[in-house]
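S.K.: This is input_31.cif (mmCIF, C-alpha atoms and all ligand atoms).
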```cif
data_coords
#
loop_
_atom_site.label_atom_id
_atom_site.label_comp_id
_atom_site.auth_asym_id
_atom_site.auth_seq_id
_atom_site.Cartn_x
_atom_site.Cartn_y
_atom_site.Cartn_z
CA MET A 1 -29.87 -56.05 204.15
CA ALA A 2 -27.35 -54.25 206.33
CA ILE A 3 -27.11 -50.54 207.08
CA VAL A 4 -23.67 -49.17 206.15
CA THR A 5 -22.20 -45.73 206.88
CA THR A 6 -20.82 -44.13 203.70
CA GLY A 7 -17.95 -41.72 203.07
CA ASP A 8 -19.91 -38.56 203.94
CA GLY A 9 -21.42 -40.10 207.09
CA SER A 10 -24.86 -40.75 205.55
CA PRO A 11 -26.18 -44.30 205.77
CA THR A 12 -27.06 -46.64 202.91
CA LEU A 13 -27.93 -50.32 202.55
CA TYR A 14 -25.89 -53.28 201.44
CA CYS A 15 -28.00 -55.80 199.51
CA GLU A 16 -26.72 -59.31 200.13
CA ALA A 17 -28.84 -60.79 197.30
CA VAL A 18 -27.03 -58.77 194.61
CA ARG A 19 -23.86 -58.08 196.62
CA GLU A 20 -24.05 -54.34 196.02
CA HIS A 21 -24.49 -51.19 198.05
CA TYR A 22 -27.36 -48.84 197.27
CA HIS A 23 -24.86 -45.97 196.93
CA SER A 24 -21.19 -45.38 196.40
CA THR A 25 -19.68 -45.91 199.85
CA ARG A 26 -16.70 -43.78 198.82
CA ASP A 27 -18.68 -40.73 197.64
CA GLY A 28 -21.44 -41.05 200.24
CA ALA A 29 -25.18 -41.59 199.79
CA PHE A 30 -26.24 -37.96 200.31
CA THR A 31 -23.29 -36.57 198.33
CA GLU A 32 -23.86 -38.96 195.43
CA ALA A 33 -27.55 -38.07 195.17
CA LEU A 34 -26.73 -34.36 195.38
CA HIS A 35 -23.83 -34.19 192.94
CA LYS A 36 -24.64 -36.86 190.37
CA HIS A 37 -28.40 -36.35 190.12
CA VAL A 38 -29.92 -33.40 191.96
CA LEU A 39 -27.53 -30.51 191.26
CA PRO A 40 -27.40 -31.16 187.48
CA ALA A 41 -31.21 -31.37 187.48
CA TRP A 42 -31.42 -28.08 189.34
CA GLU A 43 -28.82 -26.21 187.33
CA TYR A 44 -29.83 -27.42 183.89
CA ARG A 45 -33.56 -28.12 184.04
CA LEU A 46 -35.31 -26.78 187.15
CA ARG A 47 -33.93 -23.35 187.97
CA GLY A 48 -36.28 -20.70 186.59
CA ARG A 49 -38.86 -23.13 185.26
CA PRO A 50 -42.45 -23.10 186.53
CA GLU A 51 -42.92 -26.87 186.57
CA ALA A 52 -41.20 -30.18 185.98
CA VAL A 53 -41.84 -33.91 185.89
CA VAL A 54 -39.16 -36.20 187.33
CA LEU A 55 -38.82 -39.97 186.94
CA ASP A 56 -36.78 -41.38 189.83
CA LEU A 57 -35.78 -44.89 188.73
CA CYS A 58 -35.60 -46.80 191.11
CA PHE A 59 -36.78 -45.32 194.45
CA GLY A 60 -34.81 -47.54 196.86
CA LEU A 61 -34.21 -45.43 199.97
CA GLY A 62 -35.44 -42.39 198.09
CA TYR A 63 -32.29 -40.28 198.47
CA ASN A 64 -32.61 -38.78 194.99
CA THR A 65 -36.15 -37.55 195.56
CA LEU A 66 -35.53 -36.48 199.17
CA VAL A 67 -32.29 -34.62 198.41
CA LEU A 68 -34.09 -32.92 195.51
CA LEU A 69 -36.79 -31.68 197.92
CA TRP A 70 -34.08 -30.57 200.37
CA LEU A 71 -32.32 -28.56 197.67
CA LEU A 72 -35.49 -27.04 196.21
CA GLN A 73 -36.46 -25.83 199.66
CA ARG A 74 -33.04 -24.23 200.16
CA MET A 75 -33.25 -22.60 196.73
CA GLY A 76 -36.76 -21.30 197.34
CA TYR A 77 -38.10 -23.06 194.24
CA ALA A 78 -41.66 -21.89 193.73
CA GLY A 79 -42.60 -24.12 190.79
CA ARG A 80 -44.72 -27.25 190.65
CA LEU A 81 -43.06 -30.66 190.74
CA GLN A 82 -44.28 -34.17 189.99
CA VAL A 83 -42.13 -37.18 190.85
CA TRP A 84 -42.89 -40.69 189.60
CA SER A 85 -40.84 -43.53 191.01
CA PRO A 86 -41.07 -47.28 190.44
CA GLU A 87 -39.61 -49.65 193.03
CA ARG A 88 -40.17 -53.40 193.08
CA ASP A 89 -39.34 -53.97 196.76
CA ALA A 90 -42.54 -53.29 198.73
CA ALA A 91 -41.00 -54.43 202.03
CA LEU A 92 -38.17 -51.92 201.64
CA LEU A 93 -40.67 -49.08 201.11
CA ALA A 94 -42.74 -50.10 204.11
CA GLY A 95 -39.63 -49.99 206.31
CA LEU A 96 -38.42 -46.53 205.27
CA GLU A 97 -39.93 -44.84 208.33
CA SER A 98 -37.30 -46.41 210.55
CA PHE A 99 -34.34 -45.79 208.23
CA PRO A 100 -31.77 -43.45 209.91
CA TYR A 101 -31.65 -40.71 207.25
CA PRO A 102 -29.00 -38.00 207.76
CA ALA A 103 -29.81 -34.84 209.71
CA GLU A 104 -30.20 -32.76 206.51
CA LEU A 105 -33.33 -34.77 205.68
CA ALA A 106 -34.91 -34.59 209.16
CA ALA A 107 -37.51 -32.02 208.10
CA LEU A 108 -38.72 -34.43 205.41
CA ARG A 109 -39.87 -37.08 207.94
CA PRO A 110 -43.58 -36.43 207.18
CA VAL A 111 -42.89 -37.05 203.48
CA VAL A 112 -41.01 -40.27 204.25
CA ARG A 113 -43.84 -41.43 206.53
CA ALA A 114 -46.47 -40.77 203.85
CA LEU A 115 -44.42 -42.53 201.18
CA ALA A 116 -43.84 -45.54 203.43
CA ARG A 117 -47.52 -45.80 204.37
CA GLN A 118 -49.45 -44.59 201.31
CA ARG A 119 -46.63 -44.41 198.73
CA ARG A 120 -47.84 -40.96 197.89
CA TRP A 121 -47.35 -37.35 198.98
CA ILE A 122 -49.47 -34.57 197.56
CA ASP A 123 -49.46 -30.91 198.56
CA ARG A 124 -50.13 -27.66 196.75
CA LYS A 125 -47.06 -27.75 194.51
CA LEU A 126 -45.68 -31.23 194.92
CA ARG A 127 -46.90 -34.67 193.97
CA ILE A 128 -44.80 -37.79 194.59
CA GLU A 129 -46.03 -41.23 193.57
CA VAL A 130 -43.93 -44.29 194.42
CA VAL A 131 -45.29 -47.31 192.59
CA VAL A 132 -44.50 -50.91 193.48
CA SER A 133 -43.66 -52.20 190.05
CA GLU A 134 -41.01 -53.61 187.78
CA ALA A 135 -39.38 -50.54 186.27
CA ARG A 136 -39.81 -51.67 182.67
CA ALA A 137 -43.52 -52.34 183.05
CA PHE A 138 -43.91 -49.02 184.84
CA ILE A 139 -42.32 -46.86 182.17
CA ALA A 140 -44.19 -48.73 179.43
CA GLY A 141 -47.41 -47.48 181.02
CA LEU A 142 -46.25 -43.96 181.89
CA ALA A 143 -47.43 -41.02 179.82
CA GLY A 144 -44.85 -38.30 179.26
CA PRO A 145 -43.49 -35.84 178.88
CA VAL A 146 -40.81 -36.32 181.52
CA ASP A 147 -38.21 -33.56 182.02
CA ILE A 148 -35.64 -35.32 184.20
CA VAL A 149 -34.76 -38.98 184.83
CA PHE A 150 -32.63 -40.05 187.78
CA HIS A 151 -31.44 -43.39 186.39
CA ASP A 152 -30.30 -45.23 189.52
CA PRO A 153 -30.82 -49.01 189.41
CA PHE A 154 -28.21 -51.47 190.60
CA SER A 155 -25.28 -51.94 188.22
CA PRO A 156 -25.68 -53.55 184.77
CA ARG A 157 -24.29 -56.78 186.29
CA CYS A 158 -27.23 -56.98 188.75
CA ASN A 159 -29.95 -55.18 186.81
CA PRO A 160 -29.08 -55.94 183.16
CA SER A 161 -32.57 -55.31 181.78
CA LEU A 162 -32.53 -51.69 182.97
CA TRP A 163 -29.45 -50.62 181.00
CA THR A 164 -30.12 -51.79 177.45
CA ARG A 165 -30.57 -49.79 174.27
CA GLU A 166 -34.19 -51.02 174.18
CA PHE A 167 -34.79 -49.87 177.75
CA PHE A 168 -33.43 -46.40 176.98
CA ALA A 169 -35.78 -46.21 173.99
CA GLY A 170 -38.49 -45.86 176.63
CA TYR A 171 -36.85 -42.67 177.88
CA ARG A 172 -36.71 -41.34 174.35
CA ARG A 173 -40.44 -42.02 173.99
CA LEU A 174 -41.32 -40.40 177.32
CA GLY A 175 -38.92 -37.50 177.18
CA ALA A 176 -39.64 -33.82 176.76
CA ALA A 177 -37.64 -32.17 173.94
CA ASP A 178 -34.76 -31.45 176.34
CA LEU A 179 -35.07 -34.48 178.62
CA LEU A 180 -32.10 -34.80 181.00
CA VAL A 181 -30.98 -38.25 182.20
CA THR A 182 -28.52 -38.46 185.10
CA THR A 183 -26.71 -41.66 186.03
CA TYR A 184 -23.70 -42.71 188.08
CA SER A 185 -22.53 -45.13 185.38
CA THR A 186 -19.71 -44.03 183.11
CA ALA A 187 -19.55 -47.33 181.17
CA THR A 188 -19.16 -46.92 177.41
CA ALA A 189 -21.81 -49.61 176.83
CA VAL A 190 -24.32 -47.60 178.87
CA ARG A 191 -23.43 -44.34 177.15
CA LEU A 192 -23.77 -46.05 173.74
CA GLY A 193 -27.24 -47.32 174.64
CA LEU A 194 -28.33 -43.74 175.28
CA PHE A 195 -26.42 -42.32 172.30
CA GLU A 196 -28.05 -44.82 169.93
CA ASN A 197 -31.40 -43.43 171.06
CA GLY A 198 -30.46 -39.92 170.01
CA PHE A 199 -29.10 -38.61 173.33
CA ARG A 200 -26.05 -36.36 173.54
CA ILE A 201 -23.62 -37.69 176.16
CA TYR A 202 -21.68 -35.55 178.64
CA GLU A 203 -19.02 -36.39 181.20
CA HIS A 204 -20.14 -34.78 184.46
CA ARG A 205 -17.31 -33.84 186.82
CA PRO A 206 -18.82 -32.71 190.11
CA ARG A 207 -16.96 -29.93 191.85
CA ALA A 208 -16.57 -31.83 195.09
CA ARG A 209 -14.25 -34.82 195.29
CA VAL A 210 -16.87 -37.11 193.82
CA ARG A 211 -16.40 -39.61 190.99
CA SER A 212 -17.42 -38.56 187.47
CA SER A 213 -20.86 -39.51 186.22
CA THR A 214 -22.90 -39.26 183.03
CA LEU A 215 -25.44 -36.72 181.85
CA ALA A 216 -27.44 -37.49 178.71
CA THR A 217 -29.91 -35.18 177.06
CA LEU A 218 -32.11 -34.78 174.03
CA GLY A 219 -31.22 -31.07 174.26
CA ARG A 220 -27.82 -29.55 175.01
CA LEU A 221 -25.73 -28.90 178.12
CA PRO A 222 -22.90 -26.48 178.92
CA GLU A 223 -20.55 -29.36 179.79
CA THR A 224 -17.99 -31.33 177.77
CA GLU A 225 -19.78 -33.48 175.22
CA ILE A 226 -18.27 -36.90 174.54
CA ASP A 227 -17.74 -37.73 170.87
CA MET A 228 -19.38 -41.15 170.89
CA GLU A 229 -18.78 -41.73 167.17
CA LEU A 230 -15.05 -41.30 167.81
CA LYS A 231 -15.28 -43.68 170.79
CA LYS A 232 -16.82 -46.29 168.51
CA GLN A 233 -14.14 -45.78 165.85
CA ARG A 234 -11.39 -46.14 168.44
CA ASN A 235 -12.86 -49.26 170.00
CA LEU A 236 -14.51 -51.45 167.40
CA ARG A 237 -15.69 -53.87 170.08
CA ALA A 238 -17.59 -51.18 172.01
CA ALA A 239 -21.32 -51.92 171.89
CA SER A 240 -24.46 -51.01 173.74
CA LEU A 241 -26.14 -53.59 175.98
CA ARG A 242 -29.10 -55.27 174.27
CA ASP A 243 -32.26 -57.00 175.50
C1 LIG A 301 -29.18 -48.76 193.66
S1 LIG A 301 -30.70 -48.99 194.47
C2 LIG A 301 -31.54 -47.45 194.26
C3 LIG A 301 -30.95 -46.35 195.05
C4 LIG A 301 -31.94 -45.26 195.26
N1 LIG A 301 -31.98 -44.32 194.20
C5 LIG A 301 -31.72 -44.64 196.61
O1 LIG A 301 -31.54 -43.42 196.70
O2 LIG A 301 -31.73 -45.36 197.59
C6 LIG A 301 -31.61 -49.96 193.29
C7 LIG A 301 -33.07 -50.19 193.64
O3 LIG A 301 -33.68 -50.72 192.47
C8 LIG A 301 -34.67 -51.65 192.86
N2 LIG A 301 -34.87 -52.50 191.69
C9 LIG A 301 -34.01 -53.41 191.18
N3 LIG A 301 -34.51 -53.95 190.04
C10 LIG A 301 -35.70 -53.35 189.84
C11 LIG A 301 -36.67 -53.47 188.81
N4 LIG A 301 -36.50 -54.32 187.79
N5 LIG A 301 -37.78 -52.70 188.87
C12 LIG A 301 -37.94 -51.83 189.92
N6 LIG A 301 -37.05 -51.69 190.94
C13 LIG A 301 -35.94 -52.43 190.89
C14 LIG A 301 -34.08 -52.34 194.07
O4 LIG A 301 -35.09 -52.92 194.86
C15 LIG A 301 -33.37 -51.18 194.75
O5 LIG A 301 -34.19 -50.58 195.70
#
```
Take the structure I supplied and represent it as structure tokens, if you would.
Ligand SMILES: C[S@@+](CC[C@H](N)C(=O)[O-])C[C@H]1O[C@@H](n2cnc3c(N)ncnc32)[C@H](O)[C@@H]1O

M.R.:
Amino acid sequence: MAIVTTGDGSPTLYCEAVREHYHSTRDGAFTEALHKHVLPAWEYRLRGRPEAVVLDLCFGLGYNTLVLLWLLQRMGYAGRLQVWSPERDAALLAGLESFPYPAELAALRPVVRALARQRRWIDRKLRIEVVVSEARAFIAGLAGPVDIVFHDPFSPRCNPSLWTREFFAGYRRLGAADLLVTTYSTATAVRLGLFENGFRIYEHRPRARVRSSTLATLGRLPETEIDMELKKQRNLRAASLRD
């Protein structure tokens, strides 16, 4: 895998095996994690709450979890947080200590070191568990409720089993009553897979010049909801991905 500098100057990886970057090179690794995953989680599910459980699927370089910690520190979040994160690539995790994370994440080096060596970080208010596992097997064994999911595998082309209606049924089973799922994908097939599991679907337009993304929730959000029934009527060939 090669290290690549992305649009905001933060580095990511290019995976030759699947011919995909770990992040949008246009938006930037740090910016993508912040705007598509972490800020919606903060604004809609974390701010003002005493505790939360996050599922970060899949850990990869860990930007979503690390940027979340960075933001919570800046916001003075005083609640308790648990993060569960499956990742199948043990060698990648072991090498994270030498990855050149951006300066914003420098203070989190001890967390990165612990995750690379023990795959776990526990302090008074924070518990992070990174588990070497296939994501499907991992969520089948996870007990909920989960408040927030950062859904961040490779694209449906490379990771088809992690984008199906049946896979998203696992989120439905694990989710708290107002579970929030964040994902970079805006594909109708992906949105339908979530919708058919009872999620409301929202187009998320970050304020910065960052591509749109998708928010899905079992509750409600103060963003523009997409009428998925209308989408289906207008495109009779639109269908969710299936196992
Ligand atoms: C797009 S990258 C994740 C980006 C990550 N959120 C980050 O901030 O770096 C996708 C990751 O999913 C992992 N992965 C792919 N298929 C998987 C599976 N079936 N189960 C668990 N992890 C998987 C890959 O090893 C890779 O690290």

S.K.: Can I get the residues close to ligand LIG 301 (chain A) as a list in words, where close means within 7 Å and we count all atoms listed in the file?

M.R.: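 For ligand LIG 301 (chain A), the residues inside 7 Å are His21, Tyr22, His23, Ala33, Leu57, Cys58, Phe59, Gly60, Leu61, Gly62, Tyr63, Asn64, Pro86, Glu87, Arg88, Asp89, Ser133, Glu134, Ala135, Arg136, Asp152, Pro153, Phe154, Asn159 and Leu162 of chain A.
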
S.K.: Please produce a file of the residues just selected, as a PDB file, in the coordinates of the input, where the atoms kept are C-alpha atoms.

M.R.:
```pdb
ATOM      1  CA  HIS A  21     -24.490 -51.190 198.050  1.00  0.00           C
ATOM      2  CA  TYR A  22     -27.360 -48.840 197.270  1.00  0.00           C
ATOM      3  CA  HIS A  23     -24.860 -45.970 196.930  1.00  0.00           C
ATOM      4  CA  ALA A  33     -27.550 -38.070 195.170  1.00  0.00           C
ATOM      5  CA  LEU A  57     -35.780 -44.890 188.730  1.00  0.00           C
ATOM      6  CA  CYS A  58     -35.600 -46.800 191.110  1.00  0.00           C
ATOM      7  CA  PHE A  59     -36.780 -45.320 194.450  1.00  0.00           C
ATOM      8  CA  GLY A  60     -34.810 -47.540 196.860  1.00  0.00           C
ATOM      9  CA  LEU A  61     -34.210 -45.430 199.970  1.00  0.00           C
ATOM     10  CA  GLY A  62     -35.440 -42.390 198.090  1.00  0.00           C
ATOM     11  CA  TYR A  63     -32.290 -40.280 198.470  1.00  0.00           C
ATOM     12  CA  ASN A  64     -32.610 -38.780 194.990  1.00  0.00           C
ATOM     13  CA  PRO A  86     -41.070 -47.280 190.440  1.00  0.00           C
ATOM     14  CA  GLU A  87     -39.610 -49.650 193.030  1.00  0.00           C
ATOM     15  CA  ARG A  88     -40.170 -53.400 193.080  1.00  0.00           C
ATOM     16  CA  ASP A  89     -39.340 -53.970 196.760  1.00  0.00           C
ATOM     17  CA  SER A 133     -43.660 -52.200 190.050  1.00  0.00           C
ATOM     18  CA  GLU A 134     -41.010 -53.610 187.780  1.00  0.00           C
ATOM     19  CA  ALA A 135     -39.380 -50.540 186.270  1.00  0.00           C
ATOM     20  CA  ARG A 136     -39.810 -51.670 182.670  1.00  0.00           C
ATOM     21  CA  ASP A 152     -30.300 -45.230 189.520  1.00  0.00           C
ATOM     22  CA  PRO A 153     -30.820 -49.010 189.410  1.00  0.00           C
ATOM     23  CA  PHE A 154     -28.210 -51.470 190.600  1.00  0.00           C
ATOM     24  CA  ASN A 159     -29.950 -55.180 186.810  1.00  0.00           C
ATOM     25  CA  LEU A 162     -32.530 -51.690 182.970  1.00  0.00           C
TER      26      LEU A 162
END
```

S.K.: Find the residue from A:Glu32, A:Glu43, A:Asp243, A:Glu97 that sits nearest to Val210 of chain A; use all atoms listed in the file when measuring.

M.R.: A:Glu32

S.K.: So, with only C-alpha atoms as the atoms that count, which of A:Val132, A:Val67, A:Leu81, A:Leu215 lies closest to Leu194 of chain A?

M.R.: A:Leu215

S.K.: Hey, what's within 10 Å of Ala41 of chain A if we count only C-alpha atoms and toss same-chain stuff fewer than 3 positions away? As a ChimeraX atom specification, please?

M.R.: /A:34-38,44-47,54,68,147-150,180-182,215

S.K.: Which value, in Å to one decimal, gives the distance between atom CA of Arg157 of chain A and atom CA of Gly193 of chain A?

M.R.: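 So the two atoms, atom CA of Arg157 of chain A and atom CA of Gly193 of chain A, lie 15.3 Å apart.
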
S.K.: Rounded to one decimal place, report the atom CA of Ala91 of chain A-atom CA of Ala116 of chain A distance in Å.

M.R.: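 According to the coordinates, atom CA of Ala91 of chain A and atom CA of Ala116 of chain A are separated by 9.4 Å.
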
S.K.: Figure out the distance between atom CA of Met1 of chain A and atom CA of Leu55 of chain A, please, to one decimal in Å.

M.R.: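 Here the two named atoms are 25.2 Å from each other.
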